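Enquirer: Following this line is run-v9.txt, made up of compact mmCIF, C-alpha atoms:
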# COMPACT_ATOMS: atom_id res chain seq x y z
CA MET L 3 -20.67 24.15 -13.55
CA ALA L 4 -18.47 25.79 -10.92
CA GLN L 5 -14.88 25.18 -9.87
CA TYR L 6 -13.77 24.52 -6.31
CA LEU L 7 -10.46 23.94 -4.57
CA PHE L 8 -10.33 22.06 -1.26
CA HIS L 9 -7.45 20.71 0.77
CA VAL L 10 -7.31 16.97 1.42
CA SER L 11 -6.17 15.23 4.59
CA GLY L 12 -5.19 11.58 4.88
CA MET L 13 -3.21 11.16 1.62
CA HIS L 14 -0.06 9.06 1.99
CA CYS L 15 1.11 7.92 -1.43
CA LYS L 16 0.61 8.20 -5.18
CA ALA L 17 -2.22 5.68 -5.08
CA CYS L 18 -4.36 8.05 -3.02
CA PRO L 19 -5.07 10.65 -5.77
CA MET L 20 -6.30 7.93 -8.15
CA LEU L 21 -8.64 6.52 -5.53
CA ILE L 22 -9.99 9.96 -4.56
CA GLU L 23 -10.48 11.06 -8.18
CA GLY L 24 -12.33 7.84 -8.99
CA GLU L 25 -14.66 8.14 -6.00
CA LEU L 26 -15.38 11.83 -6.59
CA GLU L 27 -16.08 11.42 -10.29
CA ASP L 28 -18.63 8.74 -9.42
CA MET L 29 -20.66 11.42 -7.60
CA ALA L 30 -23.55 12.91 -9.57
CA GLU L 31 -22.52 16.45 -8.64
CA VAL L 32 -18.92 16.12 -9.87
CA SER L 33 -17.94 16.20 -13.54
CA LYS L 34 -14.17 16.34 -13.05
CA ALA L 35 -11.70 16.00 -10.18
CA LYS L 36 -7.94 16.52 -10.16
CA VAL L 37 -5.98 15.67 -7.00
CA SER L 38 -2.45 16.92 -6.27
CA LEU L 39 -0.40 14.84 -3.85
CA LYS L 40 2.32 17.49 -3.82
CA HIS L 41 0.00 20.30 -2.76
CA GLN L 42 -2.46 18.09 -0.85
CA HIS L 43 -5.51 19.57 -2.56
CA VAL L 44 -8.23 18.71 -5.04
CA GLU L 45 -9.63 20.82 -7.88
CA ILE L 46 -13.27 19.97 -8.57
CA GLU L 47 -15.55 20.99 -11.38
CA GLY L 48 -19.21 20.33 -10.77
CA ASP L 49 -22.71 21.49 -9.94
CA PHE L 50 -23.53 21.53 -6.23
CA GLY L 51 -26.50 23.86 -6.54
CA GLN L 52 -26.78 26.44 -3.77
CA ARG L 53 -24.71 24.48 -1.24
CA SER L 54 -22.12 26.39 0.75
CA ASN L 55 -18.47 25.33 0.83
CA ASN L 56 -18.95 23.74 4.25
CA GLU L 57 -21.93 21.75 2.95
CA ILE L 58 -19.94 20.63 -0.09
CA ILE L 59 -17.07 19.53 2.18
CA ALA L 60 -19.49 17.53 4.31
CA LEU L 61 -20.85 15.83 1.17
CA LEU L 62 -17.37 15.00 -0.15
CA THR L 63 -16.19 13.72 3.23
CA LEU L 64 -19.25 11.47 3.46
CA ALA L 65 -18.19 9.80 0.21
CA LEU L 66 -14.51 9.41 1.15
CA HIS L 67 -14.42 8.99 4.94
CA LYS L 68 -14.51 5.18 4.60
CA HIS L 69 -11.06 5.42 2.99
CA GLY L 70 -9.67 7.74 5.69
CA TYR L 71 -9.72 11.01 3.70
CA GLY L 72 -11.15 14.36 4.73
CA PHE L 73 -11.64 17.75 3.03
CA LEU L 74 -10.84 21.20 4.41
CA ILE L 75 -11.13 24.81 3.28
CA GLU L 76 -7.83 25.87 4.84
CA LYS L 77 -4.58 23.99 4.31
CA PRO L 78 -3.82 22.03 7.49
CA LEU L 79 -0.44 22.36 9.16
CA HIS L 80 1.64 19.20 9.29
CA ARG L 81 1.95 18.22 12.93
CA ILE L 82 4.16 15.39 14.12
CA ALA L 83 2.61 13.33 16.91
CA TRP L 84 5.82 12.87 18.89
CA SER L 85 3.93 11.34 21.82
CA GLU L 86 3.09 8.32 19.64
CA PHE L 87 6.79 7.48 19.41
CA GLY L 88 6.76 6.93 23.18
CA TRP L 89 4.75 3.79 22.48
CA ALA L 90 6.02 2.98 19.00
CA ILE L 91 9.75 2.81 19.82
CA PRO L 92 9.43 0.30 22.72
CA LEU L 93 6.96 -1.81 20.71
CA ALA L 94 9.27 -1.86 17.68
CA LEU L 95 12.29 -2.73 19.85
CA LEU L 96 10.30 -5.50 21.51
CA PHE L 97 9.30 -6.92 18.13
CA LEU L 98 12.84 -6.68 16.71
CA GLY L 99 14.28 -8.18 19.90
CA GLY L 100 11.93 -11.14 19.52
CA PHE L 101 12.92 -11.42 15.87
CA VAL L 102 16.64 -11.56 16.72
CA ALA L 103 15.99 -14.03 19.57
CA LEU L 104 14.07 -16.38 17.26
CA GLN L 105 16.90 -16.25 14.73
CA LYS L 106 19.49 -16.98 17.44
CA LEU L 107 17.44 -19.99 18.52
CA GLY L 108 17.17 -21.14 14.92
CA ILE L 109 13.37 -21.27 15.13
CA VAL L 110 12.79 -18.93 12.22
CA ASN L 111 15.01 -17.21 9.70
CA LEU L 112 13.27 -14.15 8.29
CA LEU L 113 16.15 -12.42 6.58
CA THR L 114 19.45 -13.74 5.23
CA VAL L 115 22.11 -12.28 2.99
CA ASN L 116 20.72 -13.87 -0.15
CA GLU L 117 16.99 -14.28 0.34
CA VAL L 118 13.74 -13.15 1.88
CA SER L 119 12.10 -16.18 3.45
CA TYR L 120 8.40 -16.96 3.35
CA PRO L 121 7.76 -15.84 6.97
CA ALA L 122 9.32 -12.48 6.06
CA ALA L 123 7.13 -12.21 2.94
CA PHE L 124 4.04 -12.94 5.07
CA LEU L 125 5.06 -10.31 7.63
CA ILE L 126 5.68 -7.70 4.92
CA GLY L 127 2.24 -8.52 3.48
CA LEU L 128 0.65 -8.05 6.89
CA VAL L 129 2.27 -4.62 7.27
CA ALA L 130 1.33 -3.69 3.70
CA SER L 131 -2.32 -4.57 4.27
CA VAL L 132 -2.70 -1.85 6.90
CA SER L 133 -0.34 0.71 5.40
CA SER L 134 -1.44 3.67 3.37
CA CYS L 135 0.12 2.34 0.16
CA MET L 136 -2.69 -0.25 -0.04
CA ALA L 137 -5.28 2.52 -0.39
CA VAL L 138 -6.31 1.50 -3.90
CA VAL L 139 -6.57 -2.21 -3.03
CA GLY L 140 -8.57 -1.39 0.08
CA GLY L 141 -10.73 0.95 -1.99
CA LEU L 142 -11.43 -1.76 -4.55
CA THR L 143 -12.22 -4.21 -1.74
CA LEU L 144 -14.72 -1.82 -0.20
CA SER L 145 -16.18 -1.04 -3.62
CA VAL L 146 -16.77 -4.73 -4.38
CA SER L 147 -18.32 -5.20 -0.95
CA ALA L 148 -20.64 -2.20 -1.23
CA ASN L 149 -21.69 -2.52 -4.88
CA PHE L 150 -22.56 -6.22 -4.79
CA ALA L 151 -24.17 -5.96 -1.35
CA LYS L 152 -26.71 -3.64 -2.97
CA GLU L 153 -27.75 -6.55 -5.16
CA GLY L 154 -28.13 -8.83 -2.15
CA ASP L 155 -24.99 -10.89 -2.79
CA ARG L 156 -22.77 -10.41 0.26
CA PHE L 157 -20.41 -13.39 0.22
CA ARG L 158 -19.64 -14.72 -3.26
CA PRO L 159 -18.21 -11.50 -4.82
CA GLN L 160 -15.86 -10.93 -1.88
CA ALA L 161 -14.72 -14.56 -1.95
CA LEU L 162 -14.09 -14.35 -5.72
CA PHE L 163 -12.11 -11.12 -5.23
CA HIS L 164 -9.72 -12.71 -2.72
CA ILE L 165 -9.45 -16.01 -4.64
CA GLY L 166 -8.69 -14.13 -7.86
CA ARG L 167 -6.05 -12.10 -6.02
CA LEU L 168 -4.31 -15.15 -4.55
CA VAL L 169 -4.33 -17.05 -7.85
CA ALA L 170 -2.99 -14.03 -9.77
CA PHE L 171 -0.19 -13.41 -7.27
CA PHE L 172 0.83 -17.08 -7.49
CA LEU L 173 0.81 -17.31 -11.29
CA LEU L 174 2.16 -13.83 -12.05
CA GLY L 175 4.79 -14.12 -9.32
CA GLY L 176 5.98 -17.32 -10.96
CA LEU L 177 6.01 -15.60 -14.35
CA VAL L 178 8.15 -12.77 -12.93
CA GLY L 179 10.51 -15.40 -11.52
CA LEU L 180 10.75 -17.11 -14.92
CA ILE L 181 11.53 -13.80 -16.59
CA GLY L 182 14.33 -13.25 -14.10
CA GLY L 183 15.68 -16.76 -14.79
CA SER L 184 15.64 -16.25 -18.55
CA PHE L 185 17.94 -13.25 -18.19
CA GLN L 186 20.45 -15.23 -16.11
CA ILE L 187 20.77 -12.49 -13.52
CA SER L 188 24.36 -12.12 -12.36
CA PRO L 189 25.36 -11.80 -8.69
CA SER L 190 26.02 -8.08 -9.17
CA VAL L 191 22.52 -7.52 -10.60
CA THR L 192 21.07 -9.55 -7.73
CA MET L 193 22.93 -7.30 -5.32
CA TRP L 194 21.52 -4.17 -6.97
CA LEU L 195 18.00 -5.64 -6.93
CA SER L 196 18.45 -6.39 -3.23
CA MET L 197 19.56 -2.79 -2.68
CA ALA L 198 16.51 -1.56 -4.62
CA VAL L 199 14.23 -3.62 -2.37
CA GLY L 200 15.94 -2.07 0.66
CA ILE L 201 15.58 1.49 -0.65
CA ILE L 202 11.89 1.00 -1.50
CA MET L 203 11.21 -0.39 1.96
CA LEU L 204 13.19 2.46 3.57
CA VAL L 205 11.00 5.01 1.75
CA LEU L 206 7.86 3.11 2.81
CA GLY L 207 9.02 2.98 6.43
CA LEU L 208 9.76 6.73 6.50
CA ASN L 209 6.34 7.36 4.97
CA LEU L 210 4.66 5.34 7.73
CA LEU L 211 6.43 7.48 10.36
CA ASP L 212 4.79 10.60 8.86
CA LEU L 213 7.79 12.81 9.70
CA PHE L 214 8.50 14.26 6.26
CA PRO L 215 5.52 14.99 3.96
CA TRP L 216 7.77 15.08 0.84
CA VAL L 217 8.59 11.36 1.28
CA LYS L 218 5.13 10.55 -0.10
CA ARG L 219 6.28 11.64 -3.56
CA LEU L 220 9.28 9.27 -3.56
CA GLN L 221 7.25 6.07 -3.57
CA PRO L 222 7.51 4.25 -6.92
CA THR L 223 4.29 3.60 -8.80
CA LEU L 224 3.09 2.59 -12.21
CA PRO L 225 2.45 5.50 -14.61
CA GLY L 226 -0.87 7.10 -13.74
CA PHE L 227 -2.54 6.43 -17.09
CA ILE L 228 -1.84 2.68 -16.76
CA SER L 229 -3.20 2.47 -13.22
CA ARG L 230 -6.33 4.41 -14.19
CA HIS L 231 -7.04 2.02 -17.06
CA LEU L 232 -6.60 -0.95 -14.72
CA LEU L 233 -9.10 0.60 -12.32
CA LEU L 234 -11.70 0.77 -15.10
CA ALA L 235 -12.33 -2.92 -14.43
CA GLU L 236 -14.28 -1.74 -11.39
CA LYS L 237 -16.96 -0.38 -13.73
CA LEU L 238 -17.67 -3.80 -15.25
CA ASN L 239 -20.71 -5.69 -14.05
CA HIS L 240 -20.22 -9.41 -14.52
CA THR L 241 -20.21 -12.50 -12.35
CA LEU L 242 -16.42 -12.82 -12.62
CA THR L 243 -15.70 -9.09 -12.21
CA PRO L 244 -14.62 -9.47 -8.55
CA ALA L 245 -12.07 -12.15 -9.52
CA LEU L 246 -10.74 -9.89 -12.30
CA LEU L 247 -10.43 -7.00 -9.85
CA GLY L 248 -8.52 -9.23 -7.44
CA ALA L 249 -6.10 -10.20 -10.22
CA VAL L 250 -5.63 -6.56 -11.28
CA THR L 251 -4.27 -5.66 -7.81
CA PHE L 252 -0.98 -7.37 -8.76
CA PHE L 253 -0.28 -4.38 -11.05
CA LEU L 254 -1.59 -1.55 -8.87
CA PRO L 255 0.87 0.85 -7.21
CA CYS L 256 2.09 -0.45 -3.86
CA GLY L 257 5.72 -0.17 -2.83
CA PHE L 258 5.56 -3.31 -0.69
CA THR L 259 4.21 -5.33 -3.63
CA GLN L 260 6.86 -3.91 -5.93
CA SER L 261 9.66 -4.78 -3.49
CA MET L 262 8.43 -8.39 -3.40
CA GLN L 263 8.14 -8.43 -7.20
CA LEU L 264 11.78 -7.32 -7.43
CA TYR L 265 12.79 -10.16 -5.14
CA ALA L 266 10.74 -12.64 -7.22
CA LEU L 267 12.54 -11.34 -10.32
CA SER L 268 15.94 -11.81 -8.69
CA SER L 269 15.07 -15.38 -7.65
CA GLY L 270 15.01 -16.55 -11.28
CA SER L 271 12.65 -19.38 -10.28
CA PHE L 272 8.96 -19.97 -11.01
CA ILE L 273 8.43 -21.81 -7.71
CA THR L 274 10.27 -19.26 -5.56
CA GLY L 275 8.64 -16.31 -7.32
CA SER L 276 5.12 -17.78 -7.17
CA LEU L 277 5.35 -18.91 -3.54
CA THR L 278 6.89 -15.59 -2.42
CA MET L 279 4.09 -13.57 -4.00
CA LEU L 280 1.43 -16.02 -2.79
CA VAL L 281 2.67 -15.87 0.82
CA PHE L 282 2.86 -12.06 0.58
CA ALA L 283 -0.76 -11.99 -0.64
CA LEU L 284 -1.76 -14.33 2.19
CA GLY L 285 -0.22 -11.83 4.61
CA THR L 286 -2.51 -9.11 3.25
CA LEU L 287 -5.57 -11.38 3.36
CA PRO L 288 -6.71 -11.04 7.03
CA VAL L 289 -7.10 -7.25 6.99
CA LEU L 290 -8.46 -7.10 3.42
CA ALA L 291 -10.97 -9.84 4.28
CA LEU L 292 -12.11 -7.83 7.28
CA LEU L 293 -12.41 -4.79 5.02
CA SER L 294 -14.66 -6.64 2.61
CA PHE L 295 -16.78 -8.55 5.08
CA ALA L 296 -16.96 -6.09 7.96
CA SER L 297 -15.98 -2.72 6.40
CA LEU L 298 -13.09 -2.42 8.85
CA SER L 299 -10.96 0.72 8.56
CA LEU L 300 -7.82 1.13 10.63
CA HIS L 301 -7.86 4.85 9.86
CA SER L 302 -10.75 5.32 12.29
CA ARG L 303 -8.95 3.82 15.25
CA LYS L 304 -7.29 6.02 17.85
CA ALA L 305 -4.30 3.68 18.01
CA SER L 306 -3.66 3.81 14.25
CA GLY L 307 -0.91 6.43 14.61
CA ILE L 308 1.00 4.29 17.09
CA PHE L 309 0.53 1.22 14.91
CA PHE L 310 1.77 2.96 11.75
CA LYS L 311 4.82 4.35 13.52
CA THR L 312 5.64 0.96 15.04
CA ALA L 313 5.29 -0.69 11.63
CA GLY L 314 7.38 2.08 10.07
CA LEU L 315 10.26 1.52 12.52
CA VAL L 316 10.16 -2.24 11.91
CA VAL L 317 10.11 -1.77 8.12
CA ILE L 318 13.05 0.66 8.34
CA ALA L 319 15.00 -1.89 10.40
CA PHE L 320 14.34 -4.59 7.79
CA ALA L 321 15.31 -2.14 5.02
CA LEU L 322 18.62 -1.38 6.73
CA PHE L 323 19.26 -5.13 7.18
CA ASN L 324 18.64 -5.60 3.45
CA LEU L 325 20.89 -2.67 2.45
CA MET L 326 23.72 -3.84 4.71
CA ASN L 327 23.40 -7.40 3.41
CA GLY L 328 23.66 -6.11 -0.15
CA LEU L 329 26.84 -4.21 0.72
CA VAL L 330 28.24 -7.32 2.44
CA VAL L 331 27.56 -9.44 -0.66
CA ALA L 332 29.30 -6.81 -2.78
CA GLY L 333 32.31 -6.94 -0.46
CA ILE L 334 32.04 -3.24 0.30
CA ILE L 335 31.63 -3.68 4.07
CA GLN L 336 32.17 -6.43 6.60
CA PRO L 337 29.15 -7.94 8.41
CA ILE L 338 28.22 -5.60 11.26
CA VAL L 339 25.86 -8.00 12.98
CA ARG L 340 25.99 -11.77 12.60
CA LEU L 341 22.57 -13.30 13.19
So that I can check it, write out the structure of this file as structure tokens.

Expert:
Amino acid sequence: MAQYLFHVSGMHCKACPMLIEGELEDMAEVSKAKVSLKHQHVEIEGDFGQRSNNEIIALLTLALHKHGYGFLIEKPLHRIAWSEFGWAIPLALLFLGGFVALQKLGIVNLLTVNEVSYPAAFLIGLVASVSSCMAVVGGLTLSVSANFAKEGDRFRPQALFHIGRLVAFFLLGGLVGLIGGSFQISPSVTMWLSMAVGIIMLVLGLNLLDLFPWVKRLQPTLPGFISRHLLLAEKLNHTLTPALLGAVTFFLPCGFTQSMQLYALSSGSFITGSLTMLVFALGTLPVLALLSFASLSLHSRKASGIFFKTAGLVVIAFALFNLMNGLVVAGIIQPIVRL
């Protein structure tokens, strides 16, 4: 056994190290892998024979490129693609302008002072499905697709995965709503929960912009040991395993999911909580379905940087709306914009 240290590119949040460690430790040559999000590197213990470092990097990249990660000998410099903002800012302004226009016309009401509507939950799910914080869910989706395809079953496992995910989000979202109702959440607690949703989304939006590498470490997640035990379900081999994996994604670290769970908690209602989480999961369905049935990866597209920055600006705008609304409810500030 020998020890190696390589730098990793493509990591965006605390879910990434768990996904990378799991994939690497599945390789025959690797006995142990430890990934550091802070330092953007991986420490590997294993037996690669007489392969050179460049050959080892090529082997590791082959196993992880489907998730958008790469391995390097030298630490890469963080470069900000300012040119992408030339497209992202107009696109985000166009989207937000359309959003305001639709609200003025009364056609759709995505955000109000007291609630996140179902269209907003669907939109947040759509953004979450292509953001880096869904790395683990996307990894599980690809894993289900690849592992069961080897056995000649290409449709049923993927369908069970998505059905299990939708059912779990509906039932568990309702349970979270019931828990919130049993505590009789006061208006002040509701305000603080709304502020928490806004802060989480602000962190997620800044992360999507890729301006400040340290923002990655601010994203809230479940404790690592819990998430790793949840991911062990991937190792099971049973007819209903895909459905179980889909249900497990409710608990996996994703800031967007957690912000919706906080809202479901503040609703104090089984119906509101269940429908909010179900609609959010439906928003993630198109991209995750493409991942499972067509092995689609947005990371490989040239326009992904522009897309992420556009989504980041939109998410930040929604976060600021949410934070201002919370302050308005608390009576701290007067409404700045009346929609």

Enquirer: At a cut-off of 12 Å, using all atoms listed in the file, what residues contact L:Leu26? Leave out same-chain residues fewer than 6 positions from it and give the result as a list in words.

Expert: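 The contact residues come out as Pro19, Met20, Val32, Ser33, Lys34, Ala35, Lys36, Val37, Val44, Glu45, Ile46, Glu47, Gly48, Ile58, Ile59, Leu61, Leu62, Thr63, Leu64, Ala65, Leu66, His67, Tyr71 and Phe73 of chain L.
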
Enquirer: Enumerate, as a short mmCIF file (atom, residue, chain, number, x, y, z; two decimals) with C-alpha atoms, in the coordinates of the input, the protein, DNA and RNA residues whose atoms approach (22.1, -1.0, -5.3) to within 12 Å, taking into account all atoms listed in the file and the coordinate frame of the file.

Expert:
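Result went into selection.cif, see below:
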data_model
loop_
_atom_site.label_atom_id
_atom_site.label_comp_id
_atom_site.auth_asym_id
_atom_site.auth_seq_id
_atom_site.Cartn_x
_atom_site.Cartn_y
_atom_site.Cartn_z
CA PRO L 189 25.36 -11.80 -8.69
CA SER L 190 26.02 -8.08 -9.17
CA VAL L 191 22.52 -7.52 -10.60
CA THR L 192 21.07 -9.55 -7.73
CA MET L 193 22.93 -7.30 -5.32
CA TRP L 194 21.52 -4.17 -6.97
CA LEU L 195 18.00 -5.64 -6.93
CA SER L 196 18.45 -6.39 -3.23
CA MET L 197 19.56 -2.79 -2.68
CA ALA L 198 16.51 -1.56 -4.62
CA VAL L 199 14.23 -3.62 -2.37
CA GLY L 200 15.94 -2.07 0.66
CA ILE L 201 15.58 1.49 -0.65
CA ILE L 202 11.89 1.00 -1.50
CA ASN L 324 18.64 -5.60 3.45
CA LEU L 325 20.89 -2.67 2.45
CA MET L 326 23.72 -3.84 4.71
CA ASN L 327 23.40 -7.40 3.41
CA GLY L 328 23.66 -6.11 -0.15
CA LEU L 329 26.84 -4.21 0.72
CA VAL L 330 28.24 -7.32 2.44
CA VAL L 331 27.56 -9.44 -0.66
CA ALA L 332 29.30 -6.81 -2.78
CA ILE L 334 32.04 -3.24 0.30
#

Enquirer: How far is it from atom CA of L:Ile181 to atom CA of L:Leu284, in Å with one decimal?

Expert: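 Computing the Euclidean distance for atom CA of L:Ile181 and atom CA of L:Leu284 yields 23.0 Å.
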
Enquirer: Given the choices L:Leu290, L:Leu242, L:Val10, L:Ile126, which gets closest to L:Thr278 if the distance is worked out from only C-alpha atoms?

Expert: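 With only C-alpha atoms as the atom set, the closest residue is L:Ile126.
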
Enquirer: For L:Ala313, list every protein, DNA or RNA residue within 9 Å, evaluated using only C-alpha atoms, and leave out those in the same chain fewer than 5 positions away; present the list as a PyMOL selection string.

Expert: chain L and resi 90+94+129+133+207+210-211+308+318

Enquirer: In Å, rounded to a single decimal, give me how far atom CA of L:Phe87 is from atom CA of L:Lys311.

Expert: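 Taking atom CA of L:Lys311 as the start and atom CA of L:Phe87 as the end point, the length is 7.0 Å.
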
Enquirer: Out of L:Val250, L:Gly175, L:Leu125, L:Val205, which residue has the shortest atom-to-atom distance to L:Ile273 when counting all atoms listed in the file?

Expert: L:Gly175

Enquirer: Within 12 Å of (9.4, -4.6, 19.0) in the file's own coordinates, which protein, DNA or RNA residues have an atom, counting only C-alpha atoms? List them as a JSON list (two decimals) with C-alpha atoms, in the frame of the given file.

Expert:
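The file below, selection16.json, is the result:
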[["chain", "number", "residue", "atom", "x", "y", "z"],
["L", 89, "TRP", "CA", 4.75, 3.79, 22.48],
["L", 90, "ALA", "CA", 6.02, 2.98, 19.00],
["L", 91, "ILE", "CA", 9.75, 2.81, 19.82],
["L", 92, "PRO", "CA", 9.43, 0.30, 22.72],
["L", 93, "LEU", "CA", 6.96, -1.81, 20.71],
["L", 94, "ALA", "CA", 9.27, -1.86, 17.68],
["L", 95, "LEU", "CA", 12.29, -2.73, 19.85],
["L", 96, "LEU", "CA", 10.30, -5.50, 21.51],
["L", 97, "PHE", "CA", 9.30, -6.92, 18.13],
["L", 98, "LEU", "CA", 12.84, -6.68, 16.71],
["L", 99, "GLY", "CA", 14.28, -8.18, 19.90],
["L", 100, "GLY", "CA", 11.93, -11.14, 19.52],
["L", 101, "PHE", "CA", 12.92, -11.42, 15.87],
["L", 102, "VAL", "CA", 16.64, -11.56, 16.72],
["L", 103, "ALA", "CA", 15.99, -14.03, 19.57],
["L", 309, "PHE", "CA", 0.53, 1.22, 14.91],
["L", 311, "LYS", "CA", 4.82, 4.35, 13.52],
["L", 312, "THR", "CA", 5.64, 0.96, 15.04],
["L", 313, "ALA", "CA", 5.29, -0.69, 11.63],
["L", 314, "GLY", "CA", 7.38, 2.08, 10.07],
["L", 315, "LEU", "CA", 10.26, 1.52, 12.52],
["L", 316, "VAL", "CA", 10.16, -2.24, 11.91],
["L", 317, "VAL", "CA", 10.11, -1.77, 8.12],
["L", 319, "ALA", "CA", 15.00, -1.89, 10.40]]

Enquirer: In Å, with one decimal, what is the gap from atom CA of L:His41 to atom CA of L:Phe310?

Expert: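 Interatomic distance here is 22.7 Å.
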